[in-house]
file target-v9.cif (mmCIF, C-alpha atoms (C1' of nucleotides))
data_data
loop_
_atom_site.group_PDB
_atom_site.id
_atom_site.type_symbol
_atom_site.label_atom_id
_atom_site.label_comp_id
_atom_site.auth_asym_id
_atom_site.auth_seq_id
_atom_site.Cartn_x
_atom_site.Cartn_y
_atom_site.Cartn_z
ATOM 1 C CA MET A 1 45.698 -78.285 -33.686
ATOM 2 C CA ILE A 2 48.803 -77.338 -35.556
ATOM 3 C CA VAL A 3 48.339 -79.060 -38.875
ATOM 4 C CA SER A 4 44.901 -79.065 -40.462
ATOM 5 C CA THR A 5 43.441 -80.946 -43.373
ATOM 6 C CA ARG A 6 44.556 -78.240 -45.734
ATOM 7 C CA GLY A 7 48.225 -78.524 -44.827
ATOM 8 C CA ARG A 8 48.123 -82.290 -44.924
ATOM 9 C CA TYR A 9 46.514 -82.197 -48.371
ATOM 10 C CA ALA A 10 49.315 -79.912 -49.503
ATOM 11 C CA LEU A 11 51.936 -82.338 -48.279
ATOM 12 C CA ARG A 12 50.161 -85.249 -49.937
ATOM 13 C CA MET A 13 49.918 -83.405 -53.207
ATOM 14 C CA MET A 14 53.605 -82.567 -53.130
ATOM 15 C CA THR A 15 54.742 -86.085 -52.298
ATOM 16 C CA GLY A 16 52.361 -87.249 -55.017
ATOM 17 C CA LEU A 17 54.097 -84.985 -57.508
ATOM 18 C CA ALA A 18 57.443 -86.229 -56.271
ATOM 19 C CA GLY A 19 56.307 -89.775 -57.026
ATOM 20 C CA HIS A 20 55.715 -88.997 -60.685
ATOM 21 C CA GLY A 21 58.838 -87.905 -62.480
ATOM 22 C CA GLY A 22 57.464 -85.080 -64.611
ATOM 23 C CA SER A 23 54.216 -83.218 -65.072
ATOM 24 C CA VAL A 24 50.884 -84.488 -63.736
ATOM 25 C CA SER A 25 47.436 -83.030 -64.261
ATOM 26 C CA LEU A 26 45.631 -81.945 -61.157
ATOM 27 C CA ARG A 27 42.675 -84.118 -62.080
ATOM 28 C CA GLU A 28 44.902 -87.162 -61.857
ATOM 29 C CA LEU A 29 46.867 -86.027 -58.829
ATOM 30 C CA ALA A 30 43.795 -85.125 -56.804
ATOM 31 C CA GLU A 31 42.242 -88.472 -57.619
ATOM 32 C CA GLU A 32 45.354 -90.396 -56.596
ATOM 33 C CA GLU A 33 45.836 -88.502 -53.386
ATOM 34 C CA GLU A 34 42.140 -88.390 -52.529
ATOM 35 C CA VAL A 35 41.994 -84.627 -52.303
ATOM 36 C CA PRO A 36 38.728 -82.951 -53.415
ATOM 37 C CA PHE A 37 39.508 -81.571 -56.855
ATOM 38 C CA LYS A 38 38.302 -78.029 -56.321
ATOM 39 C CA TYR A 39 40.042 -77.797 -52.989
ATOM 40 C CA ALA A 40 43.187 -79.140 -54.625
ATOM 41 C CA GLU A 41 43.012 -76.320 -57.149
ATOM 42 C CA ALA A 42 43.053 -73.731 -54.410
ATOM 43 C CA ILE A 43 45.973 -75.408 -52.698
ATOM 44 C CA ALA A 44 47.910 -75.819 -55.949
ATOM 45 C CA ARG A 45 47.617 -72.117 -56.584
ATOM 46 C CA VAL A 46 49.233 -71.357 -53.248
ATOM 47 C CA LEU A 47 52.038 -73.802 -53.911
ATOM 48 C CA VAL A 48 52.724 -72.201 -57.275
ATOM 49 C CA LYS A 49 52.796 -68.728 -55.757
ATOM 50 C CA ALA A 50 55.215 -69.956 -53.115
ATOM 51 C CA GLY A 51 57.468 -71.261 -55.874
ATOM 52 C CA PHE A 52 57.229 -74.852 -54.675
ATOM 53 C CA ILE A 53 55.691 -76.238 -57.855
ATOM 54 C CA GLU A 54 55.477 -75.127 -61.482
ATOM 55 C CA SER A 55 52.509 -75.331 -63.765
ATOM 56 C CA ALA A 56 51.922 -75.753 -67.479
ATOM 57 C CA ARG A 57 48.573 -74.623 -68.819
ATOM 58 C CA GLY A 58 46.584 -76.013 -71.694
ATOM 59 C CA LYS A 59 46.308 -79.505 -73.021
ATOM 60 C CA ASN A 60 48.848 -81.932 -71.585
ATOM 61 C CA GLY A 61 49.497 -79.353 -68.931
ATOM 62 C CA GLY A 62 49.902 -80.043 -65.246
ATOM 63 C CA TYR A 63 52.147 -79.486 -62.288
ATOM 64 C CA ARG A 64 55.600 -80.590 -61.319
ATOM 65 C CA LEU A 65 57.883 -80.224 -58.360
ATOM 66 C CA VAL A 66 60.615 -77.635 -58.719
ATOM 67 C CA ARG A 67 63.165 -79.142 -56.337
ATOM 68 C CA PRO A 68 63.977 -82.689 -55.332
ATOM 69 C CA PRO A 69 61.715 -83.829 -52.488
ATOM 70 C CA GLU A 70 64.486 -83.782 -49.884
ATOM 71 C CA ALA A 71 64.850 -80.045 -50.501
ATOM 72 C CA TYR A 72 61.452 -79.154 -49.017
ATOM 73 C CA THR A 73 61.062 -79.080 -45.263
ATOM 74 C CA LEU A 74 57.651 -79.662 -43.749
ATOM 75 C CA ALA A 75 58.031 -76.335 -41.975
ATOM 76 C CA GLU A 76 58.239 -74.309 -45.152
ATOM 77 C CA VAL A 77 55.383 -76.093 -46.875
ATOM 78 C CA LEU A 78 53.111 -75.761 -43.858
ATOM 79 C CA ARG A 79 54.008 -72.119 -43.321
ATOM 80 C CA GLU A 80 52.507 -71.397 -46.742
ATOM 81 C CA THR A 81 49.461 -73.605 -46.511
ATOM 82 C CA GLU A 82 48.334 -73.324 -42.904
ATOM 83 C CA THR A 83 46.514 -70.249 -41.674
ATOM 84 C CA SER A 84 48.986 -70.084 -38.821
ATOM 85 C CA LEU A 85 51.684 -72.381 -37.563
ATOM 86 C CA SER A 86 51.860 -70.626 -34.217
ATOM 87 C CA ALA A 87 51.090 -72.399 -30.978
ATOM 88 C CA THR A 88 48.673 -69.684 -29.893
ATOM 89 C CA ASP A 89 47.014 -66.559 -31.212
ATOM 90 C CA CYS A 90 49.311 -64.704 -28.814
ATOM 91 C CA THR A 91 52.213 -65.401 -31.152
ATOM 92 C CA GLY A 92 50.150 -65.675 -34.308
ATOM 93 C CA ARG A 93 47.289 -63.868 -35.914
ATOM 94 C CA LYS A 94 46.373 -61.770 -32.926
ATOM 95 C CA GLU A 95 49.885 -61.041 -31.767
ATOM 96 C CA ALA A 96 49.473 -57.309 -32.253
ATOM 97 C CA GLU A 97 46.104 -57.116 -30.542
ATOM 98 C CA CYS A 98 46.932 -58.269 -27.039
ATOM 99 C CA PRO A 99 47.217 -55.442 -24.524
ATOM 100 C CA ARG A 100 48.879 -57.783 -22.032
ATOM 101 C CA ALA A 101 51.758 -58.627 -24.343
ATOM 102 C CA ALA A 102 54.272 -56.273 -22.773
ATOM 103 C CA THR A 103 54.082 -57.868 -19.360
ATOM 104 C CA CYS A 104 52.549 -61.298 -20.025
ATOM 105 C CA PRO A 105 54.637 -63.921 -18.229
ATOM 106 C CA THR A 106 53.311 -66.655 -20.499
ATOM 107 C CA LEU A 107 54.230 -65.108 -23.813
ATOM 108 C CA PRO A 108 57.897 -66.213 -23.690
ATOM 109 C CA VAL A 109 56.718 -69.782 -23.186
ATOM 110 C CA TRP A 110 54.572 -69.659 -26.316
ATOM 111 C CA ARG A 111 57.464 -68.175 -28.254
ATOM 112 C CA ALA A 112 59.726 -70.976 -27.136
ATOM 113 C CA LEU A 113 57.059 -73.510 -28.070
ATOM 114 C CA ASP A 114 56.757 -72.007 -31.539
ATOM 115 C CA GLU A 115 60.489 -72.292 -31.911
ATOM 116 C CA THR A 116 60.445 -75.924 -30.786
ATOM 117 C CA VAL A 117 57.727 -76.819 -33.263
ATOM 118 C CA ASN A 118 59.464 -74.961 -36.041
ATOM 119 C CA GLU A 119 62.729 -76.764 -35.397
ATOM 120 C CA PHE A 120 60.943 -80.070 -35.361
ATOM 121 C CA LEU A 121 59.159 -79.453 -38.644
ATOM 122 C CA SER A 122 62.385 -78.224 -40.205
ATOM 123 C CA ARG A 123 64.061 -81.548 -39.551
ATOM 124 C CA TYR A 124 61.734 -83.442 -41.898
ATOM 125 C CA THR A 125 61.453 -83.185 -45.655
ATOM 126 C CA LEU A 126 59.044 -84.453 -48.276
ATOM 127 C CA LEU A 127 61.355 -87.401 -48.771
ATOM 128 C CA ASP A 128 60.501 -88.550 -45.261
ATOM 129 C CA LEU A 129 56.855 -88.714 -46.294
ATOM 130 C CA MET A 130 57.307 -90.793 -49.417
ATOM 131 C CA PRO A 131 56.057 -94.352 -49.174
ATOM 132 C CA ASN A 132 58.364 -97.342 -49.807
ATOM 133 C CA ARG A 133 61.699 -96.308 -48.513
ATOM 134 C CA MET B 1 46.837 -73.713 -33.017
ATOM 135 C CA ILE B 2 47.725 -75.771 -30.009
ATOM 136 C CA VAL B 3 46.584 -73.626 -27.128
ATOM 137 C CA SER B 4 43.288 -71.794 -27.455
ATOM 138 C CA THR B 5 41.674 -69.067 -25.430
ATOM 139 C CA ARG B 6 40.044 -71.627 -23.203
ATOM 140 C CA GLY B 7 43.308 -73.257 -22.142
ATOM 141 C CA ARG B 8 44.963 -69.901 -21.606
ATOM 142 C CA TYR B 9 42.043 -68.751 -19.444
ATOM 143 C CA ALA B 10 42.463 -71.918 -17.393
ATOM 144 C CA LEU B 11 46.130 -71.188 -16.834
ATOM 145 C CA ARG B 12 45.393 -67.603 -15.905
ATOM 146 C CA MET B 13 42.734 -68.650 -13.464
ATOM 147 C CA MET B 14 45.070 -71.118 -11.816
ATOM 148 C CA THR B 15 47.966 -68.708 -11.502
ATOM 149 C CA GLY B 16 45.433 -66.205 -10.194
ATOM 150 C CA LEU B 17 44.404 -68.643 -7.494
ATOM 151 C CA ALA B 18 48.044 -69.307 -6.731
ATOM 152 C CA GLY B 19 48.512 -65.597 -6.187
ATOM 153 C CA HIS B 20 45.919 -65.487 -3.450
ATOM 154 C CA GLY B 21 46.768 -67.654 -0.509
ATOM 155 C CA GLY B 22 43.385 -69.175 0.278
ATOM 156 C CA SER B 23 39.909 -69.202 -1.169
ATOM 157 C CA VAL B 24 38.749 -66.727 -3.805
ATOM 158 C CA SER B 25 35.280 -66.281 -5.246
ATOM 159 C CA LEU B 26 34.963 -66.815 -8.944
ATOM 160 C CA ARG B 27 33.399 -63.400 -9.343
ATOM 161 C CA GLU B 28 36.571 -61.821 -8.016
ATOM 162 C CA LEU B 29 38.957 -64.162 -9.801
ATOM 163 C CA ALA B 30 37.263 -63.769 -13.167
ATOM 164 C CA GLU B 31 37.338 -60.020 -12.802
ATOM 165 C CA GLU B 32 41.019 -59.929 -11.884
ATOM 166 C CA GLU B 33 42.061 -62.261 -14.653
ATOM 167 C CA GLU B 34 39.732 -60.740 -17.234
ATOM 168 C CA VAL B 35 37.963 -63.965 -17.991
ATOM 169 C CA PRO B 36 34.249 -63.736 -18.882
ATOM 170 C CA PHE B 37 32.470 -64.831 -15.734
ATOM 171 C CA LYS B 38 30.164 -67.415 -17.256
ATOM 172 C CA TYR B 39 32.973 -68.906 -19.291
ATOM 173 C CA ALA B 40 35.099 -69.000 -16.148
ATOM 174 C CA GLU B 41 32.383 -71.015 -14.446
ATOM 175 C CA ALA B 42 32.551 -73.678 -17.110
ATOM 176 C CA ILE B 43 36.327 -73.821 -16.918
ATOM 177 C CA ALA B 44 36.321 -73.937 -13.111
ATOM 178 C CA ARG B 45 34.040 -76.935 -13.218
ATOM 179 C CA VAL B 46 36.515 -78.811 -15.372
ATOM 180 C CA LEU B 47 39.389 -77.904 -13.088
ATOM 181 C CA VAL B 48 37.465 -79.161 -10.070
ATOM 182 C CA LYS B 49 36.634 -82.429 -11.799
ATOM 183 C CA ALA B 50 40.284 -82.859 -12.717
ATOM 184 C CA GLY B 51 41.197 -82.423 -9.058
ATOM 185 C CA PHE B 52 43.297 -79.329 -9.730
ATOM 186 C CA ILE B 53 41.262 -76.968 -7.587
ATOM 187 C CA GLU B 54 38.797 -77.362 -4.731
ATOM 188 C CA SER B 55 35.587 -75.465 -4.181
ATOM 189 C CA ALA B 56 33.547 -74.313 -1.210
ATOM 190 C CA ARG B 57 29.897 -73.516 -1.835
ATOM 191 C CA GLY B 58 27.676 -71.010 -0.129
ATOM 192 C CA LYS B 59 28.461 -67.612 1.274
ATOM 193 C CA ASN B 60 32.181 -66.888 1.566
ATOM 194 C CA GLY B 61 32.752 -69.858 -0.702
ATOM 195 C CA GLY B 62 35.187 -69.929 -3.577
ATOM 196 C CA TYR B 63 38.016 -71.879 -5.097
ATOM 197 C CA ARG B 64 41.530 -72.670 -4.055
ATOM 198 C CA LEU B 65 44.482 -74.457 -5.540
ATOM 199 C CA VAL B 66 45.100 -77.948 -4.229
ATOM 200 C CA ARG B 67 48.838 -78.174 -4.814
ATOM 201 C CA PRO B 68 51.616 -75.613 -4.809
ATOM 202 C CA PRO B 69 51.918 -73.942 -8.215
ATOM 203 C CA GLU B 70 55.186 -75.638 -9.100
ATOM 204 C CA ALA B 71 53.384 -78.983 -8.894
ATOM 205 C CA TYR B 72 51.214 -78.360 -11.966
ATOM 206 C CA THR B 73 52.748 -78.747 -15.390
ATOM 207 C CA LEU B 74 51.272 -76.834 -18.299
ATOM 208 C CA ALA B 75 50.842 -80.147 -20.077
ATOM 209 C CA GLU B 76 48.476 -81.597 -17.510
ATOM 210 C CA VAL B 77 46.390 -78.453 -17.190
ATOM 211 C CA LEU B 78 46.052 -78.082 -20.940
ATOM 212 C CA ARG B 79 45.247 -81.743 -21.453
ATOM 213 C CA GLU B 80 42.136 -81.222 -19.344
ATOM 214 C CA THR B 81 41.072 -77.885 -20.737
ATOM 215 C CA GLU B 82 41.876 -78.080 -24.432
ATOM 216 C CA THR B 83 39.692 -80.074 -26.773
ATOM 217 C CA SER B 84 42.808 -81.760 -28.051
ATOM 218 C CA LEU B 85 46.475 -81.194 -27.516
ATOM 219 C CA SER B 86 47.400 -83.231 -30.577
ATOM 220 C CA ALA B 87 49.213 -81.735 -33.522
ATOM 221 C CA THR B 88 46.679 -83.115 -35.995
ATOM 222 C CA ASP B 89 43.340 -84.887 -36.081
ATOM 223 C CA CYS B 90 45.343 -87.889 -37.277
ATOM 224 C CA THR B 91 46.661 -88.346 -33.754
ATOM 225 C CA GLY B 92 43.735 -86.715 -32.001
ATOM 226 C CA ARG B 93 40.004 -86.722 -32.227
ATOM 227 C CA LYS B 94 39.789 -88.536 -35.538
ATOM 228 C CA GLU B 95 42.591 -90.961 -34.917
ATOM 229 C CA ALA B 96 40.296 -93.973 -35.190
ATOM 230 C CA GLU B 97 38.572 -92.786 -38.343
ATOM 231 C CA CYS B 98 41.429 -92.637 -40.798
ATOM 232 C CA PRO B 99 41.545 -95.558 -43.207
ATOM 233 C CA ARG B 100 45.081 -94.638 -44.237
ATOM 234 C CA ALA B 101 46.481 -94.958 -40.729
ATOM 235 C CA ALA B 102 47.967 -98.405 -41.163
ATOM 236 C CA THR B 103 50.252 -97.371 -43.988
ATOM 237 C CA CYS B 104 50.426 -93.578 -43.710
ATOM 238 C CA PRO B 105 54.067 -92.499 -43.904
ATOM 239 C CA THR B 106 53.267 -89.195 -42.227
ATOM 240 C CA LEU B 107 51.601 -90.531 -39.128
ATOM 241 C CA PRO B 108 54.859 -91.302 -37.293
ATOM 242 C CA VAL B 109 55.933 -87.712 -37.831
ATOM 243 C CA TRP B 110 52.768 -86.393 -36.196
ATOM 244 C CA ARG B 111 53.233 -88.792 -33.299
ATOM 245 C CA ALA B 112 56.772 -87.568 -32.797
ATOM 246 C CA LEU B 113 55.560 -83.973 -32.947
ATOM 247 C CA ASP B 114 52.939 -84.681 -30.302
ATOM 248 C CA GLU B 115 55.635 -86.158 -28.125
ATOM 249 C CA THR B 116 57.868 -83.129 -28.630
ATOM 250 C CA VAL B 117 55.104 -80.733 -27.693
ATOM 251 C CA ASN B 118 54.136 -82.799 -24.690
ATOM 252 C CA GLU B 119 57.707 -82.869 -23.427
ATOM 253 C CA PHE B 120 57.970 -79.144 -23.885
ATOM 254 C CA LEU B 121 54.774 -78.401 -21.998
ATOM 255 C CA SER B 122 55.800 -80.787 -19.236
ATOM 256 C CA ARG B 123 58.924 -78.764 -18.526
ATOM 257 C CA TYR B 124 56.952 -75.701 -17.387
ATOM 258 C CA THR B 125 54.776 -75.294 -14.324
ATOM 259 C CA LEU B 126 52.331 -72.698 -13.071
ATOM 260 C CA LEU B 127 55.163 -71.152 -11.121
ATOM 261 C CA ASP B 128 56.819 -70.224 -14.404
ATOM 262 C CA LEU B 129 53.707 -68.225 -15.296
ATOM 263 C CA MET B 130 53.494 -66.196 -12.105
ATOM 264 C CA PRO B 131 54.368 -62.532 -12.454
ATOM 265 C CA ASN B 132 57.128 -60.926 -10.351
ATOM 266 C CA ARG B 133 59.697 -63.611 -9.948
ATOM 267 C "C1'" DT C 1 15.230 -68.931 10.024
ATOM 268 C "C1'" DA C 2 15.490 -65.581 6.258
ATOM 269 C "C1'" DT C 3 18.804 -63.627 3.185
ATOM 270 C "C1'" DA C 4 22.503 -62.927 0.338
ATOM 271 C "C1'" DA C 5 26.332 -64.846 -1.683
ATOM 272 C "C1'" DT C 6 28.244 -68.480 -3.739
ATOM 273 C "C1'" DA C 7 29.175 -72.862 -6.549
ATOM 274 C "C1'" DC C 8 26.885 -76.013 -9.773
ATOM 275 C "C1'" DC C 9 24.249 -77.465 -13.917
ATOM 276 C "C1'" DT C 10 21.837 -77.711 -18.613
ATOM 277 C "C1'" DA C 11 20.872 -75.850 -22.631
ATOM 278 C "C1'" DC C 12 21.399 -72.600 -26.038
ATOM 279 C "C1'" DA C 13 23.406 -68.683 -29.146
ATOM 280 C "C1'" DA C 14 26.894 -66.256 -31.519
ATOM 281 C "C1'" DA C 15 31.238 -65.796 -33.661
ATOM 282 C "C1'" DA C 16 35.080 -67.499 -35.921
ATOM 283 C "C1'" DT C 17 37.452 -70.778 -38.678
ATOM 284 C "C1'" DA C 18 38.052 -74.493 -41.857
ATOM 285 C "C1'" DA C 19 36.502 -77.182 -45.657
ATOM 286 C "C1'" DG C 20 34.527 -77.512 -49.811
ATOM 287 C "C1'" DT C 21 31.835 -75.936 -54.285
ATOM 288 C "C1'" DA C 22 30.262 -73.313 -58.513
ATOM 289 C "C1'" DG C 23 31.017 -71.313 -62.639
ATOM 290 C "C1'" DG C 24 33.542 -69.669 -65.605
ATOM 291 C "C1'" DA C 25 38.057 -67.104 -68.143
ATOM 292 C "C1'" DA C 26 42.645 -67.810 -70.161
ATOM 293 C "C1'" DA C 27 46.010 -70.620 -72.261
ATOM 294 C "C1'" DT C 28 47.816 -74.294 -75.211
ATOM 295 C "C1'" DA C 29 48.688 -78.814 -77.734
ATOM 296 C "C1'" DG C 30 47.134 -81.180 -81.490
ATOM 297 C "C1'" DC D 1 38.837 -75.140 -83.828
ATOM 298 C "C1'" DT D 2 38.412 -78.173 -80.008
ATOM 299 C "C1'" DA D 3 39.441 -80.493 -75.936
ATOM 300 C "C1'" DT D 4 42.031 -80.150 -71.966
ATOM 301 C "C1'" DT D 5 44.112 -77.912 -68.661
ATOM 302 C "C1'" DT D 6 45.469 -74.135 -65.234
ATOM 303 C "C1'" DC D 7 43.795 -69.906 -63.132
ATOM 304 C "C1'" DC D 8 40.559 -66.837 -60.732
ATOM 305 C "C1'" DT D 9 36.554 -64.900 -57.903
ATOM 306 C "C1'" DA D 10 32.934 -65.605 -55.256
ATOM 307 C "C1'" DC D 11 30.085 -68.267 -52.515
ATOM 308 C "C1'" DT D 12 28.292 -72.074 -49.354
ATOM 309 C "C1'" DT D 13 28.436 -75.405 -45.808
ATOM 310 C "C1'" DA D 14 30.257 -77.638 -41.810
ATOM 311 C "C1'" DT D 15 32.662 -77.613 -37.606
ATOM 312 C "C1'" DT D 16 34.651 -75.709 -33.656
ATOM 313 C "C1'" DT D 17 35.241 -72.300 -30.292
ATOM 314 C "C1'" DT D 18 33.628 -68.854 -27.440
ATOM 315 C "C1'" DG D 19 30.317 -66.996 -24.781
ATOM 316 C "C1'" DT D 20 25.435 -66.399 -22.493
ATOM 317 C "C1'" DA D 21 20.888 -67.332 -20.149
ATOM 318 C "C1'" DG D 22 18.483 -68.907 -16.610
ATOM 319 C "C1'" DG D 23 18.042 -71.316 -13.142
ATOM 320 C "C1'" DT D 24 19.048 -74.970 -8.699
ATOM 321 C "C1'" DA D 25 21.678 -76.331 -4.533
ATOM 322 C "C1'" DT D 26 24.446 -75.003 -0.668
ATOM 323 C "C1'" DT D 27 26.085 -72.348 3.201
ATOM 324 C "C1'" DA D 28 27.696 -68.463 6.398
ATOM 325 C "C1'" DT D 29 25.801 -65.091 9.020
ATOM 326 C "C1'" DA D 30 22.629 -61.523 10.734
#
call {"tool": "encode", "arguments": {"input": "target-v9.cif", "output": "structure tokens"}}
result
Amino acid sequence: MIVSTRGRYALRMMTGLAGHGGSVSLRELAEEEEVPFKYAEAIARVLVKAGFIESARGKNGGYRLVRPPEAYTLAEVLRETETSLSATDCTGRKEAECPRAATCPTLPVWRALDETVNEFLSRYTLLDLMPNR
Amino acid sequence: MIVSTRGRYALRMMTGLAGHGGSVSLRELAEEEEVPFKYAEAIARVLVKAGFIESARGKNGGYRLVRPPEAYTLAEVLRETETSLSATDCTGRKEAECPRAATCPTLPVWRALDETVNEFLSRYTLLDLMPNR
DNA sequence: TATAATACCTACAAAATAAGTAGGAAATAG
DNA sequence: CTATTTCCTACTTATTTTGTAGGTATTATA
């Protein structure tokens, strides 16, 4: 599977933020988007580190989207939130490990598949995931 | 990840069979292709059931490919050997479970991604995975 | 017909990954 | 000062994938 629960939660949280104009508390956002609060915290942290969202601490704090929703591709969001977006371990986490790599006739196919998926996911933005349009 | 160890083993086993002209014992094939023997047994069974390979029992028995290698697409082999070839659970194993499905704005994207991957994997055959060509 | 080699089958075990939780520390508006 | 909020570390649980054990059924051939 390419896109797991975690990545889909991330996308939901970001489109959720896009729906609100300004700052939203995670408590509220997680509730709205039906993402387990504590899991949402972990995901939010990643999104902040990636520079996708900004946070304000303390009372009346919360998160907000940095860019307009059409300026985030699914590819870039998922690259940060998924463990790996590669089609196989051969081109992902275990790329370095495989002793067959040098001569493997299948490896170029996986690379091309990765490229195909990446192009696909780069053609969609958060705006495409917003309801009512 | 789309293609796991299991699916890759299956492809290796089939190209291995294609390399030999006739019947090969699993012991030999598994050794050549560096697939754990007992795991190879399980995979072979699936390939037989799918009609991709044929078996002969008893002494001097073994497996052989039914069609010429160019007549198997990666898509059809992987559909039988991978748990799911879908991009997400939303379009795979848990498709029926999701209460959001009817209105989910993201679902069409996952369906289109599945289609893209399927088309890609349908453009390659076992012949493309054979060494020395 | 006995034997050795082989495919076939069921059930289990181990390893890896993904999903989710607990419990607090640090910051900030009011 | 207090309530609310983000931030952080560590842990637990669930699920999936990978692999193994131990045998039964079949068949060529000596």
call {"tool": "resolve_selection", "arguments": {"input": "target-v9.cif", "expression": "the PyMOL selection byres ((chain D and resi 7) around 9)", "output": "list in words"}}
result
Glu41, Arg45 and Arg57 of chain A; DA25 and DA26 of chain C; DT6 and DC8 of chain D
call {"tool": "residues_around", "arguments": {"input": "target-v9.cif", "residues": "Glu115 in chain B", "least_positions_apart": "2", "cutoff": "12 Å", "atoms": "all atoms listed in the file", "output": "compact mmCIF listing (two decimals) with C-alpha atoms, in the frame of the given file"}}
result
# COMPACT_ATOMS: atom_id res chain seq x y z
CA THR A 116 60.44 -75.92 -30.79
CA VAL A 117 57.73 -76.82 -33.26
CA PHE A 120 60.94 -80.07 -35.36
CA ALA B 75 50.84 -80.15 -20.08
CA LEU B 85 46.48 -81.19 -27.52
CA SER B 86 47.40 -83.23 -30.58
CA ALA B 87 49.21 -81.74 -33.52
CA THR B 91 46.66 -88.35 -33.75
CA PRO B 108 54.86 -91.30 -37.29
CA VAL B 109 55.93 -87.71 -37.83
CA TRP B 110 52.77 -86.39 -36.20
CA ARG B 111 53.23 -88.79 -33.30
CA ALA B 112 56.77 -87.57 -32.80
CA LEU B 113 55.56 -83.97 -32.95
CA VAL B 117 55.10 -80.73 -27.69
CA ASN B 118 54.14 -82.80 -24.69
CA GLU B 119 57.71 -82.87 -23.43
CA PHE B 120 57.97 -79.14 -23.88
CA LEU B 121 54.77 -78.40 -22.00
CA SER B 122 55.80 -80.79 -19.24
call {"tool": "closest_residue", "arguments": {"input": "target-v9.cif", "among": "A:Ile53, A:Leu47, A:Cys104, A:Leu26", "to": "Ala10 in chain A", "atoms": "all atoms listed in the file"}}
result
A:Leu47
call {"tool": "residues_around", "arguments": {"input": "target-v9.cif", "residues": "range 10-27 of chain D", "least_positions_apart": "6", "cutoff": "8 Å", "atoms": "only C-alpha atoms (C1' of nucleotides)", "output": "VMD selection string"}}
result
(chain B and resid 36 38 to 39 57 to 59) or (chain C and resid 7 to 9 12 to 22)
call {"tool": "resolve_selection", "arguments": {"input": "target-v9.cif", "expression": "the PyMOL selection byres ((chain A) within 7 of (chain B))", "output": "number ranges by chain"}}
result
A: 1-4, 85-88, 105-106, 129-131
call {"tool": "atom_distance", "arguments": {"input": "target-v9.cif", "atom1": "CA of Ala101 in chain A", "atom2": "CA of Ala40 in chain B"}}
result
21.3 Å
call {"tool": "atom_distance", "arguments": {"input": "target-v9.cif", "atom1": "CA of His20 in chain A", "atom2": "CA of Leu127 in chain A"}}
result
13.3 Å
call {"tool": "closest_residue", "arguments": {"input": "target-v9.cif", "among": "A:Glu33, A:Ser55, A:Val24, A:Gly16", "to": "chain D", "atoms": "only C-alpha atoms (C1' of nucleotides)"}}
result
A:Ser55
call {"tool": "atom_distance", "arguments": {"input": "target-v9.cif", "atom1": "CA of Tyr9 in chain B", "atom2": "CA of Thr81 in chain B"}}
result
9.3 Å
call {"tool": "residues_around", "arguments": {"input": "target-v9.cif", "residues": "Tyr72 in chain B", "least_positions_apart": "5", "cutoff": "8 Å", "atoms": "all atoms listed in the file", "output": "number ranges by chain"}}
result
B: 67, 77, 125-126
call {"tool": "closest_atom_pairs", "arguments": {"input": "target-v9.cif", "of": "chain C", "to": "chain A", "cutoff": "7 Å", "atoms": "all atoms listed in the file", "output": "Markdown table"}}
result
| residue | atom | partner | partner_atom | distance |
| --- | --- | --- | --- | --- |
| C:DG20 | C1' | A:Tyr39 | CA | 6.4 |
| C:DA27 | C1' | A:Gly58 | CA | 5.5 |
| C:DT28 | C1' | A:Gly58 | CA | 4.1 |
| C:DA29 | C1' | A:Lys59 | CA | 5.3 |
call {"tool": "resolve_selection", "arguments": {"input": "target-v9.cif", "expression": "the PyMOL selection byres ((chain C and resi 1) around 12)", "output": "list in words"}}
result
DA2 and DT3 of chain C; DT29 and DA30 of chain D
call {"tool": "axis_aligned_box", "arguments": {"input": "target-v9.cif", "around": "range 47-65 of chain B", "padding_each_side": "8 Å", "output": "JSON"}}
result
{"center_x": 36.1, "center_y": -74.9, "center_z": -5.8, "size_x": 32.8, "size_y": 32.0, "size_z": 30.7}
call {"tool": "closest_residue", "arguments": {"input": "target-v9.cif", "among": "B:Ala42, B:Ala30, B:Leu74, B:Ala50", "to": "chain D", "atoms": "only C-alpha atoms (C1' of nucleotides)"}}
result
B:Ala42
